[in-house]
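Participant: For reference, the file my_file_10.pdb (PDB, C-alpha atoms) is included below:
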ATOM      1  CA  MET A   1      89.796 120.072 187.347  1.00  0.00           C
ATOM      2  CA  LYS A   2      92.941 121.982 186.367  1.00  0.00           C
ATOM      3  CA  PHE A   3      93.219 124.721 183.742  1.00  0.00           C
ATOM      4  CA  ASN A   4      93.805 123.145 180.299  1.00  0.00           C
ATOM      5  CA  ILE A   5      95.141 124.410 176.975  1.00  0.00           C
ATOM      6  CA  PHE A   6      91.668 124.925 175.539  1.00  0.00           C
ATOM      7  CA  GLU A   7      90.685 127.209 178.421  1.00  0.00           C
ATOM      8  CA  ALA A   8      93.972 129.128 178.160  1.00  0.00           C
ATOM      9  CA  LEU A   9      93.517 129.709 174.433  1.00  0.00           C
ATOM     10  CA  ARG A  10      89.818 130.578 174.791  1.00  0.00           C
ATOM     11  CA  LYS A  11      90.709 133.214 177.387  1.00  0.00           C
ATOM     12  CA  ASP A  12      92.986 134.903 174.849  1.00  0.00           C
ATOM     13  CA  HIS A  13      90.392 134.473 172.096  1.00  0.00           C
ATOM     14  CA  ASP A  14      87.865 136.376 174.219  1.00  0.00           C
ATOM     15  CA  ARG A  15      90.442 139.139 174.736  1.00  0.00           C
ATOM     16  CA  GLN A  16      91.016 139.291 170.974  1.00  0.00           C
ATOM     17  CA  ARG A  17      87.297 139.561 170.255  1.00  0.00           C
ATOM     18  CA  ALA A  18      86.997 142.450 172.715  1.00  0.00           C
ATOM     19  CA  LEU A  19      90.035 144.243 171.278  1.00  0.00           C
ATOM     20  CA  LEU A  20      88.703 143.862 167.720  1.00  0.00           C
ATOM     21  CA  LYS A  21      85.431 145.460 168.787  1.00  0.00           C
ATOM     22  CA  THR A  22      87.269 148.309 170.502  1.00  0.00           C
ATOM     23  CA  VAL A  23      89.441 148.950 167.433  1.00  0.00           C
ATOM     24  CA  LEU A  24      86.450 148.991 165.087  1.00  0.00           C
ATOM     25  CA  ASP A  25      84.514 151.311 167.407  1.00  0.00           C
ATOM     26  CA  THR A  26      87.212 154.001 167.068  1.00  0.00           C
ATOM     27  CA  ASN A  27      87.327 156.798 164.500  1.00  0.00           C
ATOM     28  CA  GLY A  28      90.080 158.402 162.454  1.00  0.00           C
ATOM     29  CA  ASP A  29      93.690 158.774 163.455  1.00  0.00           C
ATOM     30  CA  SER A  30      92.911 158.992 167.175  1.00  0.00           C
ATOM     31  CA  SER A  31      95.105 157.994 170.105  1.00  0.00           C
ATOM     32  CA  LEU A  32      92.421 155.488 171.130  1.00  0.00           C
ATOM     33  CA  ARG A  33      92.541 153.811 167.708  1.00  0.00           C
ATOM     34  CA  GLU A  34      96.324 153.712 167.841  1.00  0.00           C
ATOM     35  CA  SER A  35      96.548 152.294 171.369  1.00  0.00           C
ATOM     36  CA  SER A  36      93.726 149.797 170.771  1.00  0.00           C
ATOM     37  CA  PHE A  37      95.298 148.622 167.528  1.00  0.00           C
ATOM     38  CA  GLN A  38      98.734 148.279 169.169  1.00  0.00           C
ATOM     39  CA  SER A  39      97.190 146.179 171.956  1.00  0.00           C
ATOM     40  CA  LEU A  40      95.391 144.019 169.401  1.00  0.00           C
ATOM     41  CA  LYS A  41      98.542 143.627 167.325  1.00  0.00           C
ATOM     42  CA  ILE A  42     100.572 142.487 170.333  1.00  0.00           C
ATOM     43  CA  GLN A  43      97.815 140.129 171.472  1.00  0.00           C
ATOM     44  CA  LEU A  44      97.408 138.514 168.040  1.00  0.00           C
ATOM     45  CA  THR A  45     101.143 138.256 167.373  1.00  0.00           C
ATOM     46  CA  GLU A  46     102.113 136.808 170.738  1.00  0.00           C
ATOM     47  CA  HIS A  47      99.104 134.498 170.849  1.00  0.00           C
ATOM     48  CA  ALA A  48      99.883 133.087 167.390  1.00  0.00           C
ATOM     49  CA  LYS A  49     103.561 132.567 168.208  1.00  0.00           C
ATOM     50  CA  PHE A  50     102.906 130.653 171.415  1.00  0.00           C
ATOM     51  CA  GLU A  51      99.841 128.857 170.094  1.00  0.00           C
ATOM     52  CA  GLU A  52     101.914 127.511 167.212  1.00  0.00           C
ATOM     53  CA  ARG A  53     104.744 126.512 169.536  1.00  0.00           C
ATOM     54  CA  ASN A  54     102.701 125.089 172.408  1.00  0.00           C
ATOM     55  CA  PHE A  55      99.546 123.784 170.720  1.00  0.00           C
ATOM     56  CA  TYR A  56      99.984 123.231 166.995  1.00  0.00           C
ATOM     57  CA  LYS A  57     103.519 121.851 167.085  1.00  0.00           C
ATOM     58  CA  PRO A  58     102.440 118.811 169.169  1.00  0.00           C
ATOM     59  CA  LEU A  59      99.268 118.384 167.086  1.00  0.00           C
ATOM     60  CA  ILE A  60     101.163 118.147 163.792  1.00  0.00           C
ATOM     61  CA  ASP A  61     102.493 114.762 164.934  1.00  0.00           C
ATOM     62  CA  PHE A  62      99.008 113.216 164.814  1.00  0.00           C
ATOM     63  CA  ASP A  63      97.325 112.248 161.542  1.00  0.00           C
ATOM     64  CA  LEU A  64      93.943 113.341 162.906  1.00  0.00           C
ATOM     65  CA  THR A  65      95.081 116.918 163.625  1.00  0.00           C
ATOM     66  CA  GLN A  66      97.855 117.512 161.102  1.00  0.00           C
ATOM     67  CA  VAL A  67      95.804 119.082 158.287  1.00  0.00           C
ATOM     68  CA  LYS A  68      93.802 121.364 160.606  1.00  0.00           C
ATOM     69  CA  SER A  69      96.995 122.411 162.400  1.00  0.00           C
ATOM     70  CA  ARG A  70      98.695 123.390 159.167  1.00  0.00           C
ATOM     71  CA  HIS A  71      95.576 125.244 158.032  1.00  0.00           C
ATOM     72  CA  SER A  72      95.419 127.207 161.289  1.00  0.00           C
ATOM     73  CA  ILE A  73      99.099 128.133 161.069  1.00  0.00           C
ATOM     74  CA  SER A  74      98.446 129.346 157.519  1.00  0.00           C
ATOM     75  CA  GLU A  75      95.601 131.515 158.820  1.00  0.00           C
ATOM     76  CA  HIS A  76      97.997 133.029 161.362  1.00  0.00           C
ATOM     77  CA  LYS A  77     100.191 134.097 158.432  1.00  0.00           C
ATOM     78  CA  ASP A  78      97.204 135.703 156.672  1.00  0.00           C
ATOM     79  CA  ILE A  79      96.315 137.581 159.870  1.00  0.00           C
ATOM     80  CA  ASP A  80      99.922 138.694 160.300  1.00  0.00           C
ATOM     81  CA  ASP A  81      99.977 139.995 156.712  1.00  0.00           C
ATOM     82  CA  LEU A  82      96.840 142.061 157.390  1.00  0.00           C
ATOM     83  CA  ILE A  83      98.365 143.480 160.576  1.00  0.00           C
ATOM     84  CA  HIS A  84     101.409 144.606 158.574  1.00  0.00           C
ATOM     85  CA  ALA A  85      99.159 146.135 155.908  1.00  0.00           C
ATOM     86  CA  LEU A  86      97.282 148.057 158.611  1.00  0.00           C
ATOM     87  CA  ASP A  87     100.582 149.313 160.023  1.00  0.00           C
ATOM     88  CA  GLU A  88     101.424 150.703 156.583  1.00  0.00           C
ATOM     89  CA  THR A  89      98.038 152.407 156.051  1.00  0.00           C
ATOM     90  CA  SER A  90      96.951 155.770 157.433  1.00  0.00           C
ATOM     91  CA  LYS A  91      94.570 155.179 160.322  1.00  0.00           C
ATOM     92  CA  SER A  92      92.413 158.065 159.134  1.00  0.00           C
ATOM     93  CA  SER A  93      91.776 156.551 155.688  1.00  0.00           C
ATOM     94  CA  SER A  94      88.774 154.517 154.630  1.00  0.00           C
ATOM     95  CA  ALA A  95      91.242 151.878 153.397  1.00  0.00           C
ATOM     96  CA  TRP A  96      92.415 151.369 156.992  1.00  0.00           C
ATOM     97  CA  LEU A  97      88.876 150.721 158.205  1.00  0.00           C
ATOM     98  CA  LYS A  98      88.245 148.341 155.296  1.00  0.00           C
ATOM     99  CA  LYS A  99      91.407 146.377 156.153  1.00  0.00           C
ATOM    100  CA  ALA A 100      90.495 146.409 159.851  1.00  0.00           C
ATOM    101  CA  LYS A 101      87.117 144.872 159.012  1.00  0.00           C
ATOM    102  CA  GLU A 102      88.867 142.266 156.886  1.00  0.00           C
ATOM    103  CA  LEU A 103      91.137 141.528 159.847  1.00  0.00           C
ATOM    104  CA  GLU A 104      88.099 141.173 162.091  1.00  0.00           C
ATOM    105  CA  HIS A 105      86.501 138.751 159.638  1.00  0.00           C
ATOM    106  CA  LYS A 106      89.659 136.623 159.352  1.00  0.00           C
ATOM    107  CA  VAL A 107      90.309 136.557 163.099  1.00  0.00           C
ATOM    108  CA  LEU A 108      86.720 135.709 164.010  1.00  0.00           C
ATOM    109  CA  HIS A 109      86.625 132.982 161.360  1.00  0.00           C
ATOM    110  CA  HIS A 110      89.910 131.574 162.672  1.00  0.00           C
ATOM    111  CA  LEU A 111      88.771 131.610 166.304  1.00  0.00           C
ATOM    112  CA  GLU A 112      85.446 129.983 165.451  1.00  0.00           C
ATOM    113  CA  GLU A 113      87.073 127.263 163.385  1.00  0.00           C
ATOM    114  CA  GLU A 114      89.677 126.628 166.036  1.00  0.00           C
ATOM    115  CA  GLU A 115      87.199 126.430 168.907  1.00  0.00           C
ATOM    116  CA  ARG A 116      84.596 124.335 167.066  1.00  0.00           C
ATOM    117  CA  GLU A 117      86.816 122.044 165.000  1.00  0.00           C
ATOM    118  CA  VAL A 118      90.454 122.001 166.082  1.00  0.00           C
ATOM    119  CA  PHE A 119      89.745 121.849 169.810  1.00  0.00           C
ATOM    120  CA  GLN A 120      87.416 118.878 169.245  1.00  0.00           C
ATOM    121  CA  LEU A 121      90.057 116.947 167.324  1.00  0.00           C
ATOM    122  CA  ALA A 122      92.851 117.930 169.706  1.00  0.00           C
ATOM    123  CA  GLY A 123      90.729 116.721 172.606  1.00  0.00           C
ATOM    124  CA  ARG A 124      90.799 113.271 171.055  1.00  0.00           C
ATOM    125  CA  VAL A 125      94.590 113.025 170.615  1.00  0.00           C
ATOM    126  CA  LEU A 126      95.965 114.802 173.692  1.00  0.00           C
ATOM    127  CA  THR A 127      95.894 113.213 177.120  1.00  0.00           C
ATOM    128  CA  GLU A 128      94.457 115.142 180.071  1.00  0.00           C
ATOM    129  CA  ASN A 129      97.972 115.640 181.446  1.00  0.00           C
ATOM    130  CA  GLN A 130      99.196 116.964 178.091  1.00  0.00           C
ATOM    131  CA  LYS A 131      96.309 119.438 177.982  1.00  0.00           C
ATOM    132  CA  ILE A 132      97.210 120.742 181.442  1.00  0.00           C
ATOM    133  CA  ASP A 133     100.968 120.786 180.775  1.00  0.00           C
ATOM    134  CA  LEU A 134     100.525 122.644 177.466  1.00  0.00           C
ATOM    135  CA  ALA A 135      98.385 125.250 179.246  1.00  0.00           C
ATOM    136  CA  LYS A 136     101.100 125.824 181.857  1.00  0.00           C
ATOM    137  CA  ILE A 137     103.780 126.231 179.207  1.00  0.00           C
ATOM    138  CA  TYR A 138     101.585 128.519 177.088  1.00  0.00           C
ATOM    139  CA  GLU A 139     100.642 130.700 180.076  1.00  0.00           C
ATOM    140  CA  ASN A 140     104.287 130.940 181.196  1.00  0.00           C
ATOM    141  CA  ASN A 141     105.340 132.044 177.698  1.00  0.00           C
ATOM    142  CA  ILE A 142     102.661 134.740 177.672  1.00  0.00           C
ATOM    143  CA  LYS A 143     103.634 135.960 181.165  1.00  0.00           C
ATOM    144  CA  GLU A 144     107.318 136.122 180.239  1.00  0.00           C
ATOM    145  CA  THR A 145     106.479 138.213 177.182  1.00  0.00           C
ATOM    146  CA  LYS A 146     104.397 140.644 179.251  1.00  0.00           C
ATOM    147  CA  ALA A 147     107.385 141.076 181.552  1.00  0.00           C
ATOM    148  CA  ARG A 148     109.463 142.087 178.491  1.00  0.00           C
ATOM    149  CA  PRO A 149     107.107 144.250 176.362  1.00  0.00           C
ATOM    150  CA  ASN A 150     109.908 145.945 174.427  1.00  0.00           C
ATOM    151  CA  ASP A 151     111.014 142.692 172.797  1.00  0.00           C
ATOM    152  CA  LEU A 152     108.402 142.911 170.031  1.00  0.00           C
TER     153      LEU A 152
END
In structure tokens, what does this structure look like?
Facilitator:
Amino acid sequence: MKFNIFEALRKDHDRQRALLKTVLDTNGDSSLRESSFQSLKIQLTEHAKFEERNFYKPLIDFDLTQVKSRHSISEHKDIDDLIHALDETSKSSSAWLKKAKELEHKVLHHLEEEEREVFQLAGRVLTENQKIDLAKIYENNIKETKARPNDL
């Protein structure tokens, strides 16, 4: 069996979970907190952009997946807003940690909902070839971005 879109997205979801844990395990305005947060920010931003383009855009065309797709895209916006708020907050403040925990909650909720609900519905509307083709496109987009890290 070939690599499909669900496996590609789950791989990034696992990376996001690990980065969230790393960020929340840091203290104060440390270089580790800064580098971990920057990695998380890039991962979440790039993942959302390509997930919307290569997964949700095709799903919006189906009645069965339209509402969930729109909801997930809305959650990406909420996550993006929290990332911007964290960028504007001192990493040594208790407010930063509170916002980081809120980000963790929103991201974990989003990933859980996506994996347990959206993937199930998407599996019913996408053909096997579409699932494989979407994974290839998604993975190529991610690889191209990694080759150009200064484009963020």
Participant: Running the PyMOL selection byres ((chain A and resi 75) around 12) on this model by hand, what would come out? Give it as a VMD selection string.
Facilitator: chain A and resid 44 48 52 68 to 74 76 to 82 103 105 to 111 113 to 114
Participant: Here's a test: counting only C-alpha atoms, identify every protein, DNA and RNA residue with an atom at most 10 Å from (101.1, 133.5, 177.5) in the file's coordinate frame, and state them as a list in words.
Facilitator: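 The distance filter leaves exactly Ala8, Leu9, Asp12, Gln43, Glu46, His47, Lys49, Phe50, Glu51, Asn54, Ala135, Lys136, Ile137, Tyr138, Glu139, Asn140, Asn141, Ile142, Lys143, Glu144, Thr145 and Lys146 of chain A.
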Participant: Could you save the residues just selected, with C-alpha atoms, as a CSV table (one decimal), in the frame of the given file?
Facilitator:
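Contents of selection-v1.csv, freshly written:
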chain,number,residue,atom,x,y,z
A,8,ALA,CA,94.0,129.1,178.2
A,9,LEU,CA,93.5,129.7,174.4
A,12,ASP,CA,93.0,134.9,174.8
A,43,GLN,CA,97.8,140.1,171.5
A,46,GLU,CA,102.1,136.8,170.7
A,47,HIS,CA,99.1,134.5,170.8
A,49,LYS,CA,103.6,132.6,168.2
A,50,PHE,CA,102.9,130.7,171.4
A,51,GLU,CA,99.8,128.9,170.1
A,54,ASN,CA,102.7,125.1,172.4
A,135,ALA,CA,98.4,125.2,179.2
A,136,LYS,CA,101.1,125.8,181.9
A,137,ILE,CA,103.8,126.2,179.2
A,138,TYR,CA,101.6,128.5,177.1
A,139,GLU,CA,100.6,130.7,180.1
A,140,ASN,CA,104.3,130.9,181.2
A,141,ASN,CA,105.3,132.0,177.7
A,142,ILE,CA,102.7,134.7,177.7
A,143,LYS,CA,103.6,136.0,181.2
A,144,GLU,CA,107.3,136.1,180.2
A,145,THR,CA,106.5,138.2,177.2
A,146,LYS,CA,104.4,140.6,179.3
Participant: Go through A:Thr45, A:Lys91, A:Asn4, A:Leu59 one by one, measure the shortest atom-to-atom distance of each to A:Ser31 using all atoms listed in the file, and give the residue with the smallest value.
Facilitator: A:Lys91
Participant: Using all atoms listed in the file, pick whichever of A:Ile5, A:Ala122, A:Leu40, A:Ile132 has the shortest atom-to-atom distance to A:Ala18.
Facilitator: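 Under the stated criterion, the closest residue is A:Leu40.
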Participant: What does the distance from atom CA of A:Lys101 to atom CA of A:Gln38 come to in Å, to one decimal?
Facilitator: 15.8 Å
Participant: To verify the selection step, state as a short mmCIF file (atom, residue, chain, number, x, y, z; two decimals) with C-alpha atoms, in the coordinates of the input which residues the PyMOL selection byres ((chain A and resi 58) around 12) yields on this input.
Facilitator:
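Generated output (out-v3.cif):
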data_model
loop_
_atom_site.label_atom_id
_atom_site.label_comp_id
_atom_site.auth_asym_id
_atom_site.auth_seq_id
_atom_site.Cartn_x
_atom_site.Cartn_y
_atom_site.Cartn_z
CA GLU A 51 99.84 128.86 170.09
CA GLU A 52 101.91 127.51 167.21
CA ARG A 53 104.74 126.51 169.54
CA ASN A 54 102.70 125.09 172.41
CA PHE A 55 99.55 123.78 170.72
CA TYR A 56 99.98 123.23 167.00
CA LYS A 57 103.52 121.85 167.08
CA LEU A 59 99.27 118.38 167.09
CA ILE A 60 101.16 118.15 163.79
CA ASP A 61 102.49 114.76 164.93
CA PHE A 62 99.01 113.22 164.81
CA ASP A 63 97.32 112.25 161.54
CA LEU A 64 93.94 113.34 162.91
CA THR A 65 95.08 116.92 163.62
CA GLN A 66 97.86 117.51 161.10
CA SER A 69 97.00 122.41 162.40
CA ARG A 70 98.70 123.39 159.17
CA ALA A 122 92.85 117.93 169.71
CA VAL A 125 94.59 113.02 170.62
CA LEU A 126 95.96 114.80 173.69
CA THR A 127 95.89 113.21 177.12
CA GLN A 130 99.20 116.96 178.09
CA LYS A 131 96.31 119.44 177.98
CA ASP A 133 100.97 120.79 180.78
CA LEU A 134 100.52 122.64 177.47
#
